[in-house]
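Heads up, final07.tsv below (TSV, C-alpha atoms):
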```
chain	number	residue	atom	x	y	z
I	1	MET	CA	71.42	-103.52	24.56
I	2	CYS	CA	75.16	-104.15	24.24
I	3	GLU	CA	77.70	-101.39	23.71
I	4	ILE	CA	78.05	-102.00	19.96
I	5	ALA	CA	74.27	-101.93	19.45
I	6	ASN	CA	73.92	-98.79	21.56
I	7	LEU	CA	76.53	-96.88	19.59
I	8	SER	CA	75.23	-98.13	16.24
I	9	ARG	CA	71.72	-96.91	17.06
I	10	ALA	CA	73.04	-93.54	18.22
I	11	ARG	CA	75.06	-93.09	15.04
I	12	ALA	CA	72.15	-94.14	12.83
I	13	ALA	CA	69.91	-91.60	14.52
I	14	ALA	CA	72.57	-88.89	14.24
I	15	LEU	CA	72.69	-89.43	10.47
I	16	GLN	CA	69.03	-88.42	10.33
I	17	CYS	CA	69.63	-85.18	12.23
I	18	PRO	CA	72.74	-83.13	11.43
I	19	ARG	CA	72.13	-81.03	14.55
I	20	ALA	CA	72.41	-84.06	16.84
I	21	THR	CA	75.48	-84.98	18.89
I	22	VAL	CA	76.10	-88.48	20.25
I	23	SER	CA	76.24	-88.02	24.03
I	24	HIS	CA	76.02	-89.50	27.53
I	25	LEU	CA	76.56	-93.29	27.62
I	26	SER	CA	76.70	-93.53	23.83
I	27	ALA	CA	79.55	-91.02	23.78
I	28	ALA	CA	81.26	-92.98	26.55
I	29	VAL	CA	81.05	-96.14	24.45
I	30	ALA	CA	82.51	-94.29	21.46
I	31	ASP	CA	85.52	-93.21	23.54
I	32	GLY	CA	85.96	-96.53	25.36
I	33	ILE	CA	84.97	-94.99	28.71
I	34	PRO	CA	83.63	-97.67	31.11
I	35	THR	CA	79.88	-97.40	31.54
I	36	TYR	CA	78.12	-97.92	34.84
I	37	GLY	CA	74.49	-97.54	33.79
I	38	SER	CA	71.85	-99.05	31.56
I	39	LEU	CA	72.68	-99.21	27.84
I	40	GLU	CA	69.06	-99.81	26.84
I	41	ARG	CA	68.72	-96.46	25.12
I	42	ALA	CA	71.14	-94.74	22.78
I	43	CYS	CA	71.71	-91.09	23.67
I	44	LEU	CA	71.78	-87.91	21.59
I	45	THR	CA	71.90	-84.24	22.53
I	46	VAL	CA	70.06	-81.77	20.28
I	47	PRO	CA	69.54	-78.01	20.49
I	48	ALA	CA	66.10	-76.56	21.20
I	49	GLY	CA	63.80	-76.40	18.19
I	50	THR	CA	65.11	-79.61	16.59
I	51	ALA	CA	62.50	-81.71	14.76
I	52	LEU	CA	62.29	-84.91	16.82
I	53	ARG	CA	59.93	-87.15	14.84
I	54	ARG	CA	62.72	-89.23	13.31
I	55	LEU	CA	64.55	-89.62	16.62
I	56	ALA	CA	61.89	-91.50	18.58
I	57	ARG	CA	64.08	-94.58	19.15
I	58	VAL	CA	66.80	-92.78	21.08
I	59	HIS	CA	67.00	-90.95	24.41
I	60	LEU	CA	67.15	-87.25	23.62
I	61	HIS	CA	68.67	-84.48	25.70
I	62	ARG	CA	68.15	-80.82	24.87
I	63	ALA	CA	71.15	-78.52	25.15
I	64	THR	CA	73.14	-76.11	23.05
I	65	LEU	CA	76.67	-77.44	23.01
I	66	ARG	CA	79.71	-75.24	22.57
I	67	GLU	CA	82.30	-76.21	20.00
I	68	THR	CA	84.77	-76.96	22.80
I	69	GLU	CA	82.31	-79.51	24.20
I	70	CYS	CA	82.26	-81.61	21.02
I	71	VAL	CA	84.75	-83.71	19.06
I	72	THR	CA	84.50	-85.83	15.93
I	73	ARG	CA	84.91	-89.61	16.01
I	74	ASP	CA	84.71	-91.61	12.77
I	75	GLY	CA	82.77	-88.84	11.08
I	76	TYR	CA	80.24	-88.38	13.90
I	77	ARG	CA	79.97	-85.54	16.35
I	78	ILE	CA	80.14	-86.68	19.98
I	79	THR	CA	80.53	-84.86	23.26
I	80	ALA	CA	84.12	-84.35	24.39
I	81	PRO	CA	85.25	-86.69	27.20
I	82	ALA	CA	85.12	-84.00	29.91
I	83	ARG	CA	81.53	-83.12	29.00
I	84	THR	CA	80.62	-86.80	28.79
I	85	VAL	CA	81.85	-87.38	32.35
I	86	PHE	CA	79.44	-84.84	33.82
I	87	ASP	CA	76.53	-85.83	31.60
I	88	ILE	CA	76.93	-89.35	32.98
I	89	ALA	CA	77.36	-88.16	36.57
I	90	ARG	CA	74.27	-85.97	36.44
I	91	GLU	CA	72.09	-88.70	34.94
I	92	PHE	CA	73.41	-91.86	36.64
I	93	GLY	CA	75.00	-90.60	39.85
I	94	VAL	CA	78.35	-90.44	41.57
I	95	ASP	CA	79.41	-94.07	41.05
I	96	ALA	CA	79.03	-93.81	37.28
I	97	GLY	CA	80.56	-90.33	37.22
I	98	VAL	CA	83.70	-91.21	39.18
I	99	VAL	CA	84.27	-94.39	37.16
I	100	ALA	CA	84.16	-92.28	33.99
I	101	ALA	CA	86.23	-89.41	35.42
I	102	ASP	CA	88.98	-91.70	36.73
I	103	PHE	CA	89.25	-93.44	33.36
I	104	VAL	CA	89.34	-90.17	31.43
I	105	LEU	CA	92.09	-88.75	33.65
I	106	HIS	CA	94.12	-91.98	33.84
I	107	ASN	CA	94.09	-92.40	30.06
I	108	GLU	CA	94.66	-88.69	29.42
I	109	LEU	CA	91.46	-88.27	27.42
I	110	ALA	CA	90.97	-85.01	29.32
I	111	SER	CA	92.98	-82.99	31.81
I	112	ALA	CA	91.96	-81.91	35.29
I	113	ALA	CA	91.64	-78.35	33.93
I	114	GLU	CA	89.25	-79.56	31.23
I	115	LEU	CA	87.14	-81.31	33.86
I	116	ASP	CA	87.07	-78.09	35.90
I	117	GLU	CA	85.90	-76.16	32.85
I	118	ALA	CA	83.24	-78.71	31.94
I	119	PHE	CA	81.92	-78.69	35.50
I	120	GLU	CA	81.61	-74.90	35.52
I	121	LEU	CA	79.24	-75.12	32.55
I	122	CYS	CA	76.87	-77.52	34.35
I	123	ARG	CA	77.19	-76.36	37.96
I	124	THR	CA	73.63	-74.94	38.02
I	125	TRP	CA	71.96	-77.77	36.09
I	126	PRO	CA	69.95	-80.70	37.51
I	127	GLY	CA	72.29	-83.33	38.95
I	128	ARG	CA	74.89	-80.74	39.91
I	129	ARG	CA	75.51	-82.32	43.32
I	130	ALA	CA	76.59	-85.61	41.73
I	131	ALA	CA	78.69	-83.64	39.23
I	132	ARG	CA	80.45	-81.73	42.03
I	133	ILE	CA	81.18	-84.91	44.02
I	134	THR	CA	82.51	-86.51	40.84
I	135	LEU	CA	84.86	-83.59	40.25
I	136	LEU	CA	86.14	-83.63	43.83
I	137	GLY	CA	86.42	-87.43	43.97
I	138	ALA	CA	88.16	-88.12	40.66
I	139	ASP	CA	91.66	-89.63	40.81
I	140	SER	CA	93.88	-90.31	37.80
I	141	ARG	CA	95.72	-93.08	39.68
I	142	ALA	CA	92.77	-95.48	39.57
I	143	GLU	CA	93.39	-98.26	37.05
I	144	SER	CA	89.97	-99.93	36.94
I	145	PRO	CA	86.30	-99.29	37.72
I	146	LEU	CA	86.63	-101.66	40.69
I	147	GLU	CA	89.36	-99.46	42.16
I	148	SER	CA	87.27	-96.33	41.55
I	149	LEU	CA	84.20	-97.77	43.25
I	150	SER	CA	86.26	-99.23	46.09
I	151	ARG	CA	87.67	-95.79	46.82
I	152	LEU	CA	84.13	-94.44	47.05
I	153	ARG	CA	83.05	-97.28	49.37
I	154	ILE	CA	86.08	-96.67	51.60
I	155	ALA	CA	85.11	-93.01	51.91
I	156	SER	CA	81.42	-93.72	52.53
I	157	SER	CA	82.41	-96.23	55.25
I	158	HIS	CA	84.31	-93.40	57.03
I	159	LEU	CA	87.59	-95.26	56.75
I	160	PRO	CA	90.86	-93.33	56.43
I	161	ALA	CA	91.75	-92.42	52.85
I	162	PRO	CA	94.41	-94.71	51.35
I	163	THR	CA	97.24	-93.92	48.95
I	164	PRO	CA	96.49	-95.56	45.58
I	165	GLN	CA	99.10	-97.49	43.59
I	166	GLN	CA	101.87	-97.34	46.20
I	167	GLU	CA	105.05	-99.20	45.25
I	168	ILE	CA	106.62	-101.24	48.05
I	169	CYS	CA	110.20	-102.42	48.46
I	170	ASP	CA	111.92	-104.56	51.07
I	171	SER	CA	114.46	-103.28	53.57
I	172	ASP	CA	117.20	-103.63	50.94
I	173	GLY	CA	115.31	-101.48	48.43
I	174	ARG	CA	114.24	-104.41	46.23
I	175	PHE	CA	110.90	-103.79	44.52
I	176	LEU	CA	108.22	-106.20	45.74
I	177	GLY	CA	105.00	-104.95	44.23
I	178	ARG	CA	102.49	-102.17	43.84
I	179	CYS	CA	99.42	-102.04	46.07
I	180	ASP	CA	96.02	-100.92	44.83
I	181	PHE	CA	95.56	-99.16	48.20
I	182	TYR	CA	98.01	-98.45	51.01
I	183	TRP	CA	97.60	-97.06	54.53
I	184	ASP	CA	101.04	-96.09	55.81
I	185	GLU	CA	99.79	-95.07	59.27
I	186	PHE	CA	98.54	-98.62	59.88
I	187	GLY	CA	100.94	-100.74	57.83
I	188	VAL	CA	98.05	-102.15	55.77
I	189	PHE	CA	97.51	-102.60	52.04
I	190	GLY	CA	94.36	-103.39	50.06
I	191	GLU	CA	94.03	-105.35	46.83
I	192	VAL	CA	91.03	-105.66	44.53
I	193	ASP	CA	90.37	-108.80	42.48
I	194	GLY	CA	88.70	-107.78	39.24
I	195	ALA	CA	88.07	-109.86	36.14
I	196	LEU	CA	90.44	-107.67	34.09
I	197	LYS	CA	93.41	-109.02	36.02
I	198	TYR	CA	92.68	-112.49	34.67
I	199	ARG	CA	91.49	-111.64	31.17
I	200	ASP	CA	94.86	-111.97	29.43
I	201	GLY	CA	97.11	-114.97	29.87
I	202	ASP	CA	96.75	-118.12	31.97
I	203	PRO	CA	94.35	-117.39	34.89
I	204	GLY	CA	96.02	-120.06	37.03
I	205	ALA	CA	99.47	-118.55	36.53
I	206	ILE	CA	98.14	-115.06	37.21
I	207	VAL	CA	96.47	-116.19	40.44
I	208	ALA	CA	99.69	-117.91	41.54
I	209	ALA	CA	101.72	-114.77	40.81
I	210	GLU	CA	99.21	-112.64	42.73
I	211	ARG	CA	99.43	-114.93	45.75
I	212	GLN	CA	103.23	-114.87	45.64
I	213	ARG	CA	103.27	-111.08	45.48
I	214	HIS	CA	100.78	-110.88	48.35
I	215	ALA	CA	102.97	-113.21	50.43
I	216	LEU	CA	106.10	-111.17	49.69
I	217	LEU	CA	104.36	-107.99	50.82
I	218	GLU	CA	103.08	-109.58	54.02
I	219	GLY	CA	106.55	-110.99	54.63
I	220	THR	CA	107.73	-107.45	55.31
I	221	GLY	CA	105.25	-107.02	58.17
I	222	LEU	CA	102.45	-105.49	56.10
I	223	ILE	CA	98.90	-106.79	56.51
I	224	GLY	CA	96.91	-107.28	53.32
I	225	VAL	CA	93.14	-107.26	52.77
I	226	ARG	CA	91.60	-108.42	49.48
I	227	TRP	CA	88.12	-107.95	48.05
I	228	GLY	CA	86.25	-108.13	44.74
I	229	TRP	CA	83.13	-107.01	42.89
I	230	PRO	CA	80.62	-108.91	45.09
I	231	ASP	CA	81.93	-107.07	48.17
I	232	LEU	CA	80.93	-103.67	46.78
I	233	TYR	CA	77.21	-104.24	47.26
I	234	THR	CA	77.42	-103.82	51.03
I	235	PHE	CA	81.16	-103.38	51.79
I	236	ASP	CA	80.40	-104.17	55.44
I	237	ASP	CA	82.65	-107.22	55.52
I	238	VAL	CA	85.53	-105.34	53.89
I	239	THR	CA	85.09	-102.49	56.38
I	240	ARG	CA	85.24	-104.98	59.26
I	241	ARG	CA	88.36	-106.70	57.90
I	242	LEU	CA	90.12	-103.41	57.25
I	243	THR	CA	89.27	-102.14	60.73
I	244	ILE	CA	90.75	-105.30	62.27
I	245	ALA	CA	93.85	-104.97	60.08
I	246	PHE	CA	94.27	-101.32	61.14
I	247	ALA	CA	94.23	-102.39	64.79
I	248	ARG	CA	96.80	-105.15	64.20
I	249	GLY	CA	99.09	-103.40	61.73
I	250	ALA	CA	102.65	-102.29	62.33
I	251	ARG	CA	102.44	-98.56	62.89
I	252	SER	CA	105.19	-96.00	62.41
I	253	GLY	CA	108.20	-96.74	64.59
I	254	SER	CA	107.40	-100.45	65.01
I	255	VAL	CA	110.30	-102.85	64.63
I	256	SER	CA	107.93	-105.04	62.60
I	257	ARG	CA	108.05	-102.58	59.71
I	258	ARG	CA	110.53	-104.15	57.29
I	259	TRP	CA	109.40	-102.43	54.11
I	260	GLY	CA	110.05	-99.18	52.33
I	261	LEU	CA	108.22	-96.98	49.83
I	262	LEU	CA	109.34	-96.25	46.30
I	263	VAL	CA	108.58	-92.75	45.04
I	264	ARG	CA	108.53	-92.08	41.31
```
Just give me the structure of the file as structure tokens.
Amino acid sequence: MCEIANLSRARAAALQCPRATVSHLSAAVADGIPTYGSLERACLTVPAGTALRRLARVHLHRATLRETECVTRDGYRITAPARTVFDIAREFGVDAGVVAADFVLHNELASAAELDEAFELCRTWPGRRAARITLLGADSRAESPLESLSRLRIASSHLPAPTPQQEICDSDGRFLGRCDFYWDEFGVFGEVDGALKYRDGDPGAIVAAERQRHALLEGTGLIGVRWGWPDLYTFDDVTRRLTIAFARGARSGSVSRRWGLLVR
């Protein structure tokens, strides 16, 4: 089921039950939050004691939602983004939860304080471990699901934590580019190649510009490592290439370091 069909089915079911709230992946679709789970079933949350006969075609969750956990979109009640994040994390796991949390924070759909509050309400529920890891692992600087998942793979591979979205300049202070990931202690940067980078504009021109930017960054003495979606399934090759780059990189104090960092 595609996103439009999922949301349409959830809304149609909600019309038949005024007590129902569009939730989980269906709420994510309504708010434009990237989904990292099956969209086969539309999702609603209903309080205990709700008549369910007319809602057989949707995936139902039983819970009594507070007013602060719900918002209205296009005349329908849906879970607020912070609540949606943890519903997704508890049902689909850390990958799905962090992708949603990063997006919500980056696009200011919810604040870190609102995520804290939403987590407190579900900290004793099933799936609480995934919810806690999601809360601790969320980062507003991530600009795509690929970056979010890459950060998780870097951590699970026991690699040092990078700085996301670091802006680099040359020795004269001229801006050269922004790195998806940056390890200052090793003089290494990481770049992810996702489809979104090539969605708008001429793909050939975008690829050429990316290569030029990569070359400019490496011209300062930095070592760059690139990867994409297929690499996430094992991440072993990326781990190996990053480890080699860490060993070869220009560390602090090296005369090979001809770059600087821009701080906003």
Close residues, region 37-45 of chain I itself excluded, 8 Å, all atoms listed in the file, min 5 positions apart in chain, as JSON, numbers by chain
{"I": [1, 2, 3, 6, 7, 9, 10, 14, 20, 21, 22, 23, 24, 25, 26, 27, 57, 58, 59, 60, 61, 62, 63, 92, 96]}
Residues of region 107-171 of chain I at most 8 Å from region 218-239 of chain I: nearest atom pair and distance in Å, all atoms listed in the file, as a Markdown table:
```
| residue | atom | partner | partner_atom | distance |
| --- | --- | --- | --- | --- |
| I:Leu146 | CA | I:Trp229 | CA | 6.8 |
| I:Leu149 | CA | I:Leu232 | CA | 7.6 |
| I:Ser150 | CA | I:Leu232 | CA | 7.0 |
| I:Arg153 | CA | I:Phe235 | CA | 6.8 |
| I:Ile154 | CA | I:Thr239 | CA | 7.6 |
| I:Ser157 | CA | I:Thr239 | CA | 6.9 |
| I:Leu159 | CA | I:Thr239 | CA | 7.7 |
| I:Asp170 | CA | I:Thr220 | CA | 6.6 |
```
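Proximity ranking of I:Ala28, I:Phe103, I:Pro160, I:Phe186 relative to Glu147 (chain I) places I:Phe103 first, based on all atoms listed in the file.
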Residues at most 7 Å from Ala89 (chain I), counting all atoms listed in the file, excluding those fewer than 4 positions away in the same chain, as a PDB file with C-alpha atoms, in the coordinates of the input?
```
ATOM      1  CA  VAL I  85      81.850 -87.380  32.350  1.00  0.00           C
ATOM      2  CA  GLY I  93      75.000 -90.600  39.850  1.00  0.00           C
ATOM      3  CA  VAL I  94      78.350 -90.440  41.570  1.00  0.00           C
ATOM      4  CA  ALA I  96      79.030 -93.810  37.280  1.00  0.00           C
ATOM      5  CA  GLY I  97      80.560 -90.330  37.220  1.00  0.00           C
ATOM      6  CA  ALA I 130      76.590 -85.610  41.730  1.00  0.00           C
ATOM      7  CA  ALA I 131      78.690 -83.640  39.230  1.00  0.00           C
ATOM      8  CA  THR I 134      82.510 -86.510  40.840  1.00  0.00           C
TER       9      THR I 134
END
```
Taking (106.8, -94.4, 43.5) as a centre in this file's frame and 10 Å as the limit, can you find every polymer residue with an atom that close, using only C-alpha atoms, and give them as a list in words?
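Output: Gln165, Gln166, Glu167, Ile168, Arg178, Leu261, Leu262, Val263 and Arg264 of chain I.
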Would you save the residues from that selection as a compact mmCIF listing (two decimals), in the frame of the given file, using C-alpha atoms?
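This went into result_8.txt:
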```
# COMPACT_ATOMS: atom_id res chain seq x y z
CA GLN I 165 99.10 -97.49 43.59
CA GLN I 166 101.87 -97.34 46.20
CA GLU I 167 105.05 -99.20 45.25
CA ILE I 168 106.62 -101.24 48.05
CA ARG I 178 102.49 -102.17 43.84
CA LEU I 261 108.22 -96.98 49.83
CA LEU I 262 109.34 -96.25 46.30
CA VAL I 263 108.58 -92.75 45.04
CA ARG I 264 108.53 -92.08 41.31
```
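You can rank I:Pro81, I:Gly32, I:Gly137, I:Gly173 by their closest distance to Ser156 (chain I) using all atoms listed in the file, and at the top of that list sits I:Gly137.
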As a check of understanding: the span from CA of Arg258 (chain I) to CA of Pro162 (chain I) is 19.6 Å
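Going from CA of Arg128 (chain I) to CA of Arg66 (chain I) covers 18.8 Å.
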Out of I:Leu105, I:Asp139, I:Asp116, I:Cys169, which residue has the shortest atom-to-atom distance to Leu152 (chain I) when counting only C-alpha atoms?
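Smallest distance to Leu152 (chain I) is found for I:Asp139.
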CA of Asp172 (chain I) and CA of Arg141 (chain I) are how many Å apart?
26.4 Å
How big is the axis-aligned box around all listed atoms of region 219-229 of chain I once 6 Å goes on each side, and where's its centre, in Å to one decimal, as AutoDock Vina command-line options?
```
--center_x 95.4 --center_y -108.2 --center_z 50.5 --size_x 36.6 --size_y 17.5 --size_z 27.3
```
Excluding region 117-126 of chain I and its own-chain neighbours fewer than 5 positions away, which residues fall within 9 Å of it when counting all atoms listed in the file? Please give them as a ChimeraX atom specification.
/I:69,82-83,85-87,90-91,112,131-132,135
Restricting the calculation to all atoms listed in the file: of I:Arg248, I:Arg19, I:His106, I:Arg151, which residue gets closest to Thr64 (chain I)?
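Nearest candidate to Thr64 (chain I) out of I:Arg248, I:Arg19, I:His106, I:Arg151: I:Arg19.
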